[in-house]
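work.pdb (PDB, C-alpha atoms)
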MODEL        1
ATOM      1  CA  MET A 120     132.104 -22.950 199.862
ATOM      2  CA  ALA A 121     133.222 -21.096 196.758
ATOM      3  CA  PRO A 122     132.451 -17.353 196.692
ATOM      4  CA  PRO A 123     129.506 -16.293 194.490
ATOM      5  CA  LEU A 124     130.331 -15.415 190.908
ATOM      6  CA  GLU A 125     130.586 -11.723 190.074
ATOM      7  CA  SER A 126     128.681 -10.446 187.051
ATOM      8  CA  THR A 127     130.683  -8.381 184.565
ATOM      9  CA  ASP A 128     128.125  -5.588 185.109
ATOM     10  CA  LEU A 129     129.492  -4.974 188.590
ATOM     11  CA  ARG A 130     133.000  -4.325 187.257
ATOM     12  CA  ASN A 131     131.982  -2.674 184.015
ATOM     13  CA  LYS A 132     128.986  -0.457 184.736
ATOM     14  CA  LEU A 133     127.096   0.913 181.742
ATOM     15  CA  GLU A 134     126.267   4.546 182.517
ATOM     16  CA  ASP A 135     124.291   7.193 180.655
ATOM     17  CA  LEU A 136     126.856   9.500 179.062
ATOM     18  CA  SER A 137     124.393  11.721 177.178
ATOM     19  CA  GLY A 138     124.279  14.345 179.927
ATOM     20  CA  VAL A 139     120.501  14.064 180.424
ATOM     21  CA  VAL A 140     119.324  13.687 184.043
ATOM     22  CA  VAL A 141     116.435  11.306 184.767
ATOM     23  CA  GLU A 142     113.862  12.340 187.385
ATOM     24  CA  HIS A 143     113.436   9.856 190.221
ATOM     25  CA  GLY A 144     110.226   7.841 189.892
ATOM     26  CA  ALA A 145     109.475   8.977 186.345
ATOM     27  CA  ASN A 146     109.513   6.911 183.184
ATOM     28  CA  PRO A 147     113.296   6.941 182.632
ATOM     29  CA  TYR A 148     112.922   7.175 178.849
ATOM     30  CA  GLU A 149     110.759  10.290 178.997
ATOM     31  CA  ALA A 150     113.579  12.574 180.153
ATOM     32  CA  LEU A 151     115.597  12.113 176.970
ATOM     33  CA  ILE A 152     112.500  12.594 174.811
ATOM     34  CA  LYS A 153     111.678  15.868 176.537
ATOM     35  CA  ALA A 154     115.278  17.032 176.238
ATOM     36  CA  CYS A 155     115.079  16.546 172.462
ATOM     37  CA  HIS A 156     111.946  18.732 172.023
ATOM     38  CA  GLY A 157     110.478  16.447 169.362
ATOM     39  CA  SER A 158     113.593  16.564 167.194
ATOM     40  CA  PRO A 159     114.844  13.232 165.761
ATOM     41  CA  ALA A 160     118.172  14.951 165.021
ATOM     42  CA  ASN A 161     118.579  15.864 168.680
ATOM     43  CA  MET A 162     117.745  12.299 169.710
ATOM     44  CA  GLN A 163     120.293  10.903 167.280
ATOM     45  CA  SER A 164     122.888  13.342 168.565
ATOM     46  CA  LEU A 165     122.417  12.264 172.194
ATOM     47  CA  TYR A 166     122.700   8.585 171.272
ATOM     48  CA  GLU A 167     125.847   9.421 169.300
ATOM     49  CA  VAL A 168     127.347  11.403 172.189
ATOM     50  CA  HIS A 169     126.801   8.405 174.450
ATOM     51  CA  ARG A 170     128.417   5.809 172.191
ATOM     52  CA  ARG A 171     131.330   7.979 171.026
ATOM     53  CA  THR A 172     132.098   9.039 174.597
ATOM     54  CA  ARG A 173     131.981   5.464 175.855
ATOM     55  CA  ASN A 174     134.193   4.206 173.016
ATOM     56  CA  SER A 175     136.681   6.963 173.814
ATOM     57  CA  GLN A 176     136.713   5.961 177.479
ATOM     58  CA  GLN A 177     137.251   2.305 176.623
ATOM     59  CA  ARG A 178     140.030   3.100 174.142
ATOM     60  CA  LYS A 179     141.936   4.832 176.924
ATOM     61  CA  LYS A 180     141.495   1.803 179.181
ATOM     62  CA  PHE A 181     142.806  -0.619 176.541
ATOM     63  CA  LEU A 182     145.807   1.560 175.709
ATOM     64  CA  SER A 183     146.626   2.683 179.237
ATOM     65  CA  PRO A 184     150.071   1.710 180.594
ATOM     66  CA  ASN A 185     148.161   0.715 183.743
ATOM     67  CA  PHE A 186     145.999  -1.814 181.902
ATOM     68  CA  LYS A 187     145.556  -4.929 184.052
ATOM     69  CA  GLU A 188     143.218  -7.346 182.304
ATOM     70  CA  LEU A 189     140.052  -7.886 180.330
ATOM     71  CA  ILE A 190     136.885  -8.532 182.310
ATOM     72  CA  LEU A 191     136.055 -12.180 181.624
ATOM     73  CA  ASP A 192     132.507 -13.384 182.180
ATOM     74  CA  PRO A 193     132.699 -16.162 184.801
ATOM     75  CA  TYR A 194     129.193 -17.425 184.028
ATOM     76  CA  LEU A 195     129.740 -17.711 180.295
ATOM     77  CA  LEU A 196     133.166 -19.238 180.861
ATOM     78  CA  ARG A 197     131.591 -22.061 182.867
ATOM     79  CA  LEU A 198     128.822 -22.587 180.331
ATOM     80  CA  GLU A 199     131.258 -22.749 177.418
ATOM     81  CA  ASN A 200     133.877 -24.836 179.223
ATOM     82  CA  PRO A 201     132.191 -27.400 181.513
ATOM     83  CA  ASN A 202     135.600 -28.481 182.838
ATOM     84  CA  VAL A 203     135.828 -25.244 184.828
ATOM     85  CA  GLU A 204     132.911 -26.247 187.043
ATOM     86  CA  PRO A 205     131.201 -29.508 186.033
ATOM     87  CA  GLY A 206     127.424 -29.349 186.329
ATOM     88  CA  PHE A 207     127.277 -25.549 186.454
ATOM     89  CA  ARG A 208     123.948 -23.932 185.553
ATOM     90  CA  ASP A 209     123.275 -20.223 185.256
ATOM     91  CA  PRO A 210     120.866 -19.335 188.105
ATOM     92  CA  ARG A 211     119.978 -15.869 186.755
ATOM     93  CA  ASN A 212     116.463 -15.839 185.346
ATOM     94  CA  CYS A 213     115.214 -12.741 183.527
ATOM     95  CA  LEU A 214     112.110 -11.282 181.886
ATOM     96  CA  VAL A 215     112.575  -9.102 178.804
ATOM     97  CA  PHE A 216     111.125  -7.708 175.607
ATOM     98  CA  TRP A 217     113.560  -8.076 172.707
ATOM     99  CA  ALA A 218     113.610  -6.740 169.177
ATOM    100  CA  ARG A 219     114.961  -9.336 166.760
ATOM    101  CA  PRO A 220     117.231  -8.251 163.879
ATOM    102  CA  PRO A 221     115.921  -8.772 160.338
ATOM    103  CA  ASP A 222     117.956 -10.939 157.977
ATOM    104  CA  HIS A 223     119.909  -8.065 156.405
ATOM    105  CA  ILE A 224     121.104  -6.898 159.821
ATOM    106  CA  LEU A 225     122.124 -10.450 160.732
ATOM    107  CA  LYS A 226     124.123 -10.576 157.491
ATOM    108  CA  LEU A 227     125.928  -7.373 158.469
ATOM    109  CA  ALA A 228     126.516  -8.547 162.040
ATOM    110  CA  SER A 229     127.971 -11.838 160.812
ATOM    111  CA  HIS A 230     130.401 -10.021 158.505
ATOM    112  CA  VAL A 231     131.545  -7.706 161.308
ATOM    113  CA  GLN A 232     132.048 -10.732 163.568
ATOM    114  CA  MET A 233     134.246 -12.330 160.906
ATOM    115  CA  LEU A 234     136.404  -9.192 160.631
ATOM    116  CA  LEU A 235     136.829  -8.962 164.404
ATOM    117  CA  LYS A 236     137.553 -12.675 164.751
ATOM    118  CA  LYS A 237     140.556 -12.235 162.462
ATOM    119  CA  ALA A 238     141.998  -9.746 164.940
ATOM    120  CA  ALA A 239     141.072 -11.775 168.049
ATOM    121  CA  PRO A 240     140.862 -15.506 167.195
ATOM    122  CA  ASN A 241     139.796 -16.478 170.725
ATOM    123  CA  LEU A 242     136.805 -14.145 170.773
ATOM    124  CA  TYR A 243     133.504 -15.752 171.801
ATOM    125  CA  LEU A 244     130.897 -14.922 169.154
ATOM    126  CA  MET A 245     127.177 -14.626 169.783
ATOM    127  CA  ALA A 246     125.265 -17.045 167.547
ATOM    128  CA  LEU A 247     123.161 -15.225 164.942
ATOM    129  CA  TYR A 248     119.920 -16.879 166.026
ATOM    130  CA  ARG A 249     120.483 -15.577 169.559
ATOM    131  CA  MET A 250     121.082 -11.938 168.596
ATOM    132  CA  HIS A 251     118.710  -9.372 169.996
ATOM    133  CA  LEU A 252     118.193  -5.757 170.934
ATOM    134  CA  THR A 253     116.791  -5.291 174.434
ATOM    135  CA  ALA A 254     113.811  -2.951 174.163
ATOM    136  CA  LEU A 255     113.118  -3.443 177.874
ATOM    137  CA  GLU A 256     114.588  -5.569 180.615
ATOM    138  CA  VAL A 257     111.716  -5.988 183.060
ATOM    139  CA  THR A 258     113.865  -7.733 185.655
ATOM    140  CA  HIS A 259     116.929  -9.920 185.991
ATOM    141  CA  SER A 260     118.763 -12.345 188.290
ATOM    142  CA  ARG A 261     115.604 -13.869 189.768
ATOM    143  CA  THR A 262     114.480 -17.423 190.492
ATOM    144  CA  PRO A 263     112.244 -19.279 188.017
ATOM    145  CA  GLU A 264     109.360 -19.036 190.485
ATOM    146  CA  GLU A 265     109.707 -15.271 190.825
ATOM    147  CA  ILE A 266     109.763 -14.855 187.063
ATOM    148  CA  ALA A 267     106.693 -17.098 186.677
ATOM    149  CA  ASP A 268     104.725 -14.818 189.015
ATOM    150  CA  LEU A 269     105.742 -11.751 187.016
ATOM    151  CA  VAL A 270     104.811 -13.413 183.718
ATOM    152  CA  THR A 271     101.357 -14.143 185.151
ATOM    153  CA  ALA A 272     100.984 -10.497 186.148
ATOM    154  CA  ILE A 273     101.920  -9.024 182.769
ATOM    155  CA  ARG A 274     100.437 -11.763 180.555
ATOM    156  CA  PRO A 275      97.255  -9.818 179.686
ATOM    157  CA  ALA A 276      99.412  -6.981 178.305
ATOM    158  CA  ILE A 277     101.885  -9.128 176.377
ATOM    159  CA  PRO A 278      99.936  -9.255 173.069
ATOM    160  CA  SER A 279      99.672  -5.457 172.867
ATOM    161  CA  ILE A 280     103.326  -4.971 173.841
ATOM    162  CA  THR A 281     104.763  -7.505 171.404
ATOM    163  CA  ASN A 282     102.682  -6.036 168.576
ATOM    164  CA  LEU A 283     103.648  -2.415 169.243
ATOM    165  CA  THR A 284     106.165  -2.414 166.416
ATOM    166  CA  PHE A 285     103.557  -3.435 163.855
ATOM    167  CA  ALA A 286     101.788  -0.081 164.154
ATOM    168  CA  ARG A 287     104.561   2.134 165.551
ATOM    169  CA  ARG A 288     107.597   1.872 163.307
ATOM    170  CA  SER A 289     110.909   3.329 164.338
ATOM    171  CA  ARG A 290     114.220   3.171 162.471
ATOM    172  CA  LEU A 291     117.785   2.582 163.544
ATOM    173  CA  VAL A 292     120.726   3.619 161.360
ATOM    174  CA  LYS A 293     124.507   4.180 161.258
ATOM    175  CA  PRO A 294     125.843   0.958 162.832
ATOM    176  CA  LEU A 295     129.159   1.176 164.646
ATOM    177  CA  VAL A 296     131.206  -1.260 166.728
ATOM    178  CA  SER A 297     131.012  -0.325 170.396
ATOM    179  CA  TYR A 298     133.254  -2.027 172.905
ATOM    180  CA  ASP A 299     134.509  -2.234 176.464
ATOM    181  CA  LEU A 300     136.695  -4.540 178.532
ATOM    182  CA  SER A 301     134.110  -7.331 178.582
ATOM    183  CA  ALA A 302     132.291  -7.350 175.234
ATOM    184  CA  ILE A 303     131.803  -5.893 171.772
ATOM    185  CA  ALA A 304     128.535  -4.891 170.147
ATOM    186  CA  LEU A 305     127.030  -3.392 167.024
ATOM    187  CA  SER A 306     125.310  -0.171 168.056
ATOM    188  CA  PHE A 307     122.807   1.946 166.141
ATOM    189  CA  LEU A 308     121.363   5.455 166.264
ATOM    190  CA  PRO A 309     117.728   6.541 165.980
ATOM    191  CA  ALA A 310     117.067   7.743 162.432
ATOM    192  CA  ALA A 311     116.735  11.450 161.666
ATOM    193  CA  GLY A 312     115.548  11.870 158.097
ATOM    194  CA  GLU A 313     118.008   9.569 156.316
ATOM    195  CA  LYS A 314     116.911   7.889 153.098
ATOM    196  CA  VAL A 315     115.141   4.554 153.615
ATOM    197  CA  LEU A 316     117.328   1.614 152.563
ATOM    198  CA  SER A 317     115.560  -1.395 154.090
ATOM    199  CA  PRO A 318     113.536  -3.816 151.979
ATOM    200  CA  PRO A 319     109.843  -2.831 151.793
ATOM    201  CA  PRO A 320     107.336  -4.591 154.038
ATOM    202  CA  VAL A 321     105.710  -7.767 152.767
ATOM    203  CA  PRO A 322     102.651  -6.757 150.676
ATOM    204  CA  PRO A 323      99.916  -5.869 151.019
ATOM    205  CA  HIS A 324     100.797  -2.959 153.275
ATOM    206  CA  ALA A 325      98.063  -1.501 155.495
ATOM    207  CA  GLU A 326      97.685   2.075 154.264
ATOM    208  CA  HIS A 327      96.666   3.438 157.676
ATOM    209  CA  ILE A 328     100.061   2.475 159.138
ATOM    210  CA  VAL A 329     102.867   4.943 158.604
ATOM    211  CA  HIS A 330     105.867   3.096 157.206
ATOM    212  CA  PRO A 331     109.086   5.044 156.535
ATOM    213  CA  GLY A 332     109.491   5.723 152.831
ATOM    214  CA  LEU A 333     106.026   4.514 151.814
ATOM    215  CA  THR A 334     103.984   7.634 152.548
ATOM    216  CA  ARG A 335     103.917  11.122 151.141
ATOM    217  CA  ALA A 336     105.323  12.414 154.395
ATOM    218  CA  SER A 337     109.080  12.785 154.543
ATOM    219  CA  THR A 338     111.227  10.540 156.708
ATOM    220  CA  LYS A 339     111.867  13.571 158.908
ATOM    221  CA  ASP A 340     108.179  13.357 159.818
ATOM    222  CA  SER A 341     107.984   9.575 160.242
ATOM    223  CA  ASP A 342     111.225   9.567 162.254
ATOM    224  CA  VAL A 343     109.636  11.730 164.962
ATOM    225  CA  TYR A 344     108.597   8.438 166.585
ATOM    226  CA  THR A 345     112.015   7.050 167.526
ATOM    227  CA  TYR A 346     113.276   3.821 169.012
ATOM    228  CA  HIS A 347     113.503   5.684 172.323
ATOM    229  CA  HIS A 348     109.762   6.411 172.106
ATOM    230  CA  LEU A 349     109.186   2.692 171.583
ATOM    231  CA  ARG A 350     111.189   1.888 174.713
ATOM    232  CA  ARG A 351     109.160   4.484 176.638
ATOM    233  CA  ASP A 352     105.901   2.929 175.462
ATOM    234  CA  VAL A 353     106.951  -0.616 176.368
ATOM    235  CA  PHE A 354     107.979   0.628 179.824
ATOM    236  CA  GLU A 355     104.593   2.330 180.352
ATOM    237  CA  LEU A 356     102.600  -0.725 179.292
ATOM    238  CA  VAL A 357     104.554  -2.970 181.654
ATOM    239  CA  GLN A 358     104.225  -0.522 184.558
ATOM    240  CA  ALA A 359     100.474  -0.320 183.922
ATOM    241  CA  THR A 360     100.183  -4.013 184.863
ATOM    242  CA  GLY A 361     101.435  -3.208 188.354
ATOM    243  CA  VAL A 362     104.825  -4.835 187.784
ATOM    244  CA  GLU A 363     107.757  -2.660 188.772
ATOM    245  CA  VAL A 364     110.447  -2.480 186.093
ATOM    246  CA  ASP A 365     113.869  -3.358 187.512
ATOM    247  CA  SER A 366     116.325  -2.870 184.640
ATOM    248  CA  ARG A 367     120.052  -3.024 185.270
ATOM    249  CA  TYR A 368     120.579   0.154 183.302
ATOM    250  CA  VAL A 369     118.691   2.700 181.214
ATOM    251  CA  VAL A 370     120.994   4.370 178.701
ATOM    252  CA  PRO A 371     120.629   5.901 175.214
ATOM    253  CA  SER A 372     121.980   2.854 173.450
ATOM    254  CA  ALA A 373     120.588   0.494 170.813
ATOM    255  CA  HIS A 374     123.024  -2.397 170.476
ATOM    256  CA  ILE A 375     123.235  -6.092 169.741
ATOM    257  CA  THR A 376     126.055  -8.038 171.359
ATOM    258  CA  LEU A 377     128.520  -9.508 168.864
ATOM    259  CA  GLY A 378     130.955 -11.222 171.201
ATOM    260  CA  ARG A 379     132.620 -11.465 174.593
ATOM    261  CA  TYR A 380     136.064 -12.200 175.979
ATOM    262  CA  LEU A 381     136.676 -15.586 177.618
ATOM    263  CA  THR A 382     140.477 -15.412 177.715
ATOM    264  CA  GLN A 383     143.243 -12.840 177.968
ATOM    265  CA  ALA A 384     145.140 -14.593 175.153
ATOM    266  CA  ASP A 385     144.561 -12.073 172.346
ATOM    267  CA  HIS A 386     145.203  -8.987 174.479
ATOM    268  CA  GLU A 387     148.098  -9.824 176.795
ATOM    269  CA  THR A 388     150.577  -7.262 175.463
ATOM    270  CA  ALA A 389     150.361  -3.552 174.726
ATOM    271  CA  GLU A 390     151.110  -4.293 171.073
ATOM    272  CA  ALA A 391     148.252  -6.814 170.890
ATOM    273  CA  ARG A 392     145.823  -4.330 172.432
ATOM    274  CA  GLU A 393     146.915  -1.631 169.999
ATOM    275  CA  ARG A 394     146.259  -4.025 167.110
ATOM    276  CA  TRP A 395     142.828  -4.781 168.529
ATOM    277  CA  ILE A 396     141.871  -1.116 168.740
ATOM    278  CA  ARG A 397     143.180  -0.518 165.193
ATOM    279  CA  ALA A 398     141.077  -3.430 163.972
ATOM    280  CA  ILE A 399     137.952  -1.948 165.555
ATOM    281  CA  ASP A 400     138.770   1.469 164.076
ATOM    282  CA  ASP A 401     139.195  -0.133 160.649
ATOM    283  CA  VAL A 402     135.832  -1.885 160.890
ATOM    284  CA  ASN A 403     134.147   1.331 161.982
ATOM    285  CA  GLY A 404     135.775   3.222 159.131
ATOM    286  CA  TRP A 405     134.468   0.599 156.699
ATOM    287  CA  LEU A 406     130.967   0.856 158.186
ATOM    288  CA  GLU A 407     130.899   4.633 157.835
ATOM    289  CA  LYS A 408     132.174   4.628 154.241
ATOM    290  CA  GLU A 409     130.655   1.472 152.788
ATOM    291  CA  VAL A 410     127.464   0.865 154.785
ATOM    292  CA  TRP A 411     126.046   4.112 156.169
ATOM    293  CA  ASP A 412     123.518   5.712 153.805
ATOM    294  CA  VAL A 413     124.764   3.599 150.883
ATOM    295  CA  PRO A 414     121.946   2.655 148.469
ATOM    296  CA  ASP A 415     122.191  -0.703 146.692
ATOM    297  CA  GLY A 416     125.279  -1.675 148.710
ATOM    298  CA  GLU A 417     126.263  -5.209 149.600
ATOM    299  CA  PHE A 418     125.217  -4.549 153.198
ATOM    300  CA  ILE A 419     122.283  -2.580 154.603
ATOM    301  CA  GLY A 420     122.885  -0.622 157.787
ATOM    302  CA  GLU A 421     119.289   0.417 158.478
ATOM    303  CA  TRP A 422     116.903  -1.475 160.753
ATOM    304  CA  ILE A 423     113.189  -0.721 160.895
ATOM    305  CA  VAL A 424     112.353  -2.261 164.274
ATOM    306  CA  GLY A 425     109.748  -4.989 163.914
ATOM    307  CA  GLN A 426     110.601  -5.896 160.321
ATOM    308  CA  GLU A 427     110.041  -9.639 159.804
ATOM    309  CA  ARG A 428     109.374 -10.177 163.530
ATOM    310  CA  GLY A 429     107.517  -8.294 166.238
ATOM    311  CA  LEU A 430     108.842  -7.842 169.751
ATOM    312  CA  ASP A 431     109.804 -11.054 171.549
ATOM    313  CA  ALA A 432     108.511 -11.464 175.112
ATOM    314  CA  ARG A 433     110.975 -13.850 176.673
ATOM    315  CA  ASN A 434     111.975 -15.332 180.013
ATOM    316  CA  GLY A 435     114.464 -17.796 181.464
ATOM    317  CA  THR A 436     118.253 -17.880 181.635
ATOM    318  CA  LEU A 437     118.582 -15.610 178.649
ATOM    319  CA  TRP A 438     121.721 -13.618 179.458
ATOM    320  CA  TYR A 439     123.414 -14.976 176.323
ATOM    321  CA  GLY A 440     120.390 -15.250 174.058
ATOM    322  CA  GLY A 441     118.814 -18.319 175.641
ATOM    323  CA  GLY A 442     115.496 -18.772 177.435
ATOM    324  CA  ARG A 443     112.104 -19.256 175.837
ATOM    325  CA  THR A 444     109.609 -17.112 173.943
ATOM    326  CA  ILE A 445     106.306 -16.398 175.693
ATOM    327  CA  MET A 446     104.911 -14.611 172.643
ATOM    328  CA  GLN A 447     106.318 -12.876 169.583
ATOM    329  CA  GLY A 448     104.515 -10.070 167.841
ATOM    330  CA  GLU A 449     103.507  -9.743 164.220
ATOM    331  CA  GLY A 450     106.198  -8.664 161.766
ATOM    332  CA  PHE A 451     105.852  -6.717 158.555
TER
ENDMDL
END
Please lay out the structure from this file as structure tokens.
Amino acid sequence: MAPPLESTDLRNKLEDLSGVVVEHGANPYEALIKACHGSPANMQSLYEVHRRTRNSQQRKKFLSPNFKELILDPYLLRLENPNVEPGFRDPRNCLVFWARPPDHILKLASHVQMLLKKAAPNLYLMALYRMHLTALEVTHSRTPEEIADLVTAIRPAIPSITNLTFARRSRLVKPLVSYDLSAIALSFLPAAGEKVLSPPPVPPHAEHIVHPGLTRASTKDSDVYTYHHLRRDVFELVQATGVEVDSRYVVPSAHITLGRYLTQADHETAEARERWIRAIDDVNGWLEKEVWDVPDGEFIGEWIVGQERGLDARNGTLWYGGGRTIMQGEGF
């Protein structure tokens, strides 16, 4: 019998690099909120510390003289190339709440994918319609029957959870390419008073709902409710159903996966890996100069979570954007 496949998570653990310690048994998102003392700027800073530190760590791994190999995803490899193991099916069923990117973020993600594909032609790219931001992973790697029982347990709460973003609007800004030895992603930071750049909500807008840029209050006030607060609230609503949340990781990161590695071909030599890192640096330089805080630019780098689509309650074999929607909340 062939040995069980090893998930890339086991070889490439995603750890919280913000420096904030989570209390055992507490809502894991609350610790970071308390550490920020109600300051959106502090929250943004901790998210930035995490992603910059992780990128720095991964750069060293790619450029190290002791580099061995990329971490290829054995599940995705079998799904994309049936000749590896004919008849293979991913057994890992999950239950999640996703935020779906609005069209202008998908446009940006597609352009970044194109730039990266030039540097690594064999890169596996996530299809745009599958892109998502995981607000909460309730559980993972279960059987369909186990997931069905959990869906039954949380079903009464699903409408209120998926519609959270309609009334509680948080912003993400300053996209940057984050990467490691197994994948690349477009990561964002919670907003902290930046000028609103996103298209306005579809009229008419409910006046009792605070929407960034549409009220007399400054964005510094509306940004007090951050994406991290949204994650905390989703966690609390799920826990209130009696279902225990079993996420693989809880880190200060807001990212959508852009692609994964399925071959060593583009990174076999030190020179090739140096070119890859330069390409990522070039893309990030372009994002900072041409996308961040740029009004009327070709690309918009701000995402008001819930724009166009509410949260997506989803289950199934959705590791790579698959599965099925149980319910999707109302967009704005």
Selection result of the PyMOL selection byres ((chain A and resi 200-217) around 6) on this file, as a PyMOL selection string: chain A and resi 196-199+218+251-262+430-436
Expanded to explicit residues, what is the PyMOL selection byres ((chain A and resi 412) around 8) for this file, as a list of chain:residue names?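 After applying the PyMOL selection byres ((chain A and resi 412) around 8), what remains is A:Lys293, A:Glu313, A:Lys314, A:Leu316, A:Val410, A:Trp411, A:Val413, A:Pro414, A:Gly420.
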Work out how far apart CA of Pro221 in chain A and CA of Ala160 in chain A are and give it in Å to one decimal.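 Distance between the two atoms: 24.3 Å.
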Taking 5 positions as the minimum chain separation for residues in the same chain, which residues sit within 12 Å of Lys179 in chain A when counting only C-alpha atoms? Answer as a list in words. Thr172, Arg173, Asn174, Pro184, Asn185, Phe186, Tyr298, Asp299, Leu300, Arg392, Glu393 and Ile396 of chain A
Give me the residues within 12 Å of Asn161 in chain A as a PDB file with C-alpha atoms, in the frame of the given file, counting all atoms listed in the file and dropping any in the same chain fewer than 2 places off.
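Below you can see selection.pdb, which holds the result:
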ATOM      1  CA  SER A 137     124.393  11.721 177.178  1.00  0.00           C
ATOM      2  CA  LEU A 151     115.597  12.113 176.970  1.00  0.00           C
ATOM      3  CA  ILE A 152     112.500  12.594 174.811  1.00  0.00           C
ATOM      4  CA  LYS A 153     111.678  15.868 176.537  1.00  0.00           C
ATOM      5  CA  ALA A 154     115.278  17.032 176.238  1.00  0.00           C
ATOM      6  CA  CYS A 155     115.079  16.546 172.462  1.00  0.00           C
ATOM      7  CA  HIS A 156     111.946  18.732 172.023  1.00  0.00           C
ATOM      8  CA  GLY A 157     110.478  16.447 169.362  1.00  0.00           C
ATOM      9  CA  SER A 158     113.593  16.564 167.194  1.00  0.00           C
ATOM     10  CA  PRO A 159     114.844  13.232 165.761  1.00  0.00           C
ATOM     11  CA  GLN A 163     120.293  10.903 167.280  1.00  0.00           C
ATOM     12  CA  SER A 164     122.888  13.342 168.565  1.00  0.00           C
ATOM     13  CA  LEU A 165     122.417  12.264 172.194  1.00  0.00           C
ATOM     14  CA  TYR A 166     122.700   8.585 171.272  1.00  0.00           C
ATOM     15  CA  GLU A 167     125.847   9.421 169.300  1.00  0.00           C
ATOM     16  CA  VAL A 168     127.347  11.403 172.189  1.00  0.00           C
ATOM     17  CA  LEU A 308     121.363   5.455 166.264  1.00  0.00           C
ATOM     18  CA  PRO A 309     117.728   6.541 165.980  1.00  0.00           C
ATOM     19  CA  ALA A 310     117.067   7.743 162.432  1.00  0.00           C
ATOM     20  CA  ALA A 311     116.735  11.450 161.666  1.00  0.00           C
ATOM     21  CA  GLY A 312     115.548  11.870 158.097  1.00  0.00           C
ATOM     22  CA  ASP A 342     111.225   9.567 162.254  1.00  0.00           C
ATOM     23  CA  VAL A 343     109.636  11.730 164.962  1.00  0.00           C
ATOM     24  CA  THR A 345     112.015   7.050 167.526  1.00  0.00           C
ATOM     25  CA  HIS A 347     113.503   5.684 172.323  1.00  0.00           C
TER      26      HIS A 347
END
I need the residue set behind the PyMOL selection byres ((chain A and resi 354-361) around 12) for this file; please write it as number ranges by chain. A: 144-149, 214-216, 253-258, 269-283, 347-353, 362-366, 369, 432
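CA of Met446 in chain A to CA of Ala302 in chain A spans 28.4 Å [interatomic distance, one decimal].
With all atoms listed in the file as the atoms that count, the residue of A:Ile303, A:Ser183, A:Ile445, A:Phe418 with the shortest distance to Leu227 in chain A is A:Phe418.
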Nearest candidate to Tyr344 in chain A (options A:Val329, A:Val321, A:Gly378, A:Ser289; using all atoms listed in the file):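 Of all the options, A:Ser289 lies closest to Tyr344 in chain A.
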To one decimal in Å, tell me the separation between CA of Gly450 in chain A and CA of Thr284 in chain A.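 Between CA of Gly450 in chain A and CA of Thr284 in chain A the gap works out to 7.8 Å.
Proximity of A:Arg335, A:His386, A:His374, A:His327 to Ala228 in chain A, computed with only C-alpha atoms, is greatest for A:His374.
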Excluding Val231 in chain A and its own-chain neighbours fewer than 3 positions away, which residues fall within 10 Å of it when counting all atoms listed in the file? Please give them as a VMD selection string. chain A and resid 225 to 228 234 to 236 295 to 296 304 to 305 377 399 402 to 403 405 to 406
Write the residues you've just listed into a file as a tab-separated table (two decimals), keeping the file's coordinate frame, and include C-alpha atoms for each of them.
chain	number	residue	atom	x	y	z
A	225	LEU	CA	122.12	-10.45	160.73
A	226	LYS	CA	124.12	-10.58	157.49
A	227	LEU	CA	125.93	-7.37	158.47
A	228	ALA	CA	126.52	-8.55	162.04
A	234	LEU	CA	136.40	-9.19	160.63
A	235	LEU	CA	136.83	-8.96	164.40
A	236	LYS	CA	137.55	-12.68	164.75
A	295	LEU	CA	129.16	1.18	164.65
A	296	VAL	CA	131.21	-1.26	166.73
A	304	ALA	CA	128.54	-4.89	170.15
A	305	LEU	CA	127.03	-3.39	167.02
A	377	LEU	CA	128.52	-9.51	168.86
A	399	ILE	CA	137.95	-1.95	165.56
A	402	VAL	CA	135.83	-1.88	160.89
A	403	ASN	CA	134.15	1.33	161.98
A	405	TRP	CA	134.47	0.60	156.70
A	406	LEU	CA	130.97	0.86	158.19
For each of A:Ala325, A:Leu437, A:Met162, A:Val370, take the minimum atom-to-atom distance to Phe451 in chain A, counting all atoms listed in the file, then give the residue where this is smallest.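 Among A:Ala325, A:Leu437, A:Met162, A:Val370, it is A:Ala325 that comes nearest to Phe451 in chain A.
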Test item: residues at most 8 Å from Met250 in chain A, only C-alpha atoms, excluding those fewer than 6 positions along its chain, as a list of chain:residue names: A:Arg219, A:Pro220, A:Ile375, A:Thr376, A:Leu377, A:Gly440
From the options A:Arg290, A:Ala391, A:Tyr368, A:Ser306, which residue's atoms come nearest to Tyr346 in chain A, counting all atoms listed in the file?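 Closest to Tyr346 in chain A of all the choices is A:Arg290.
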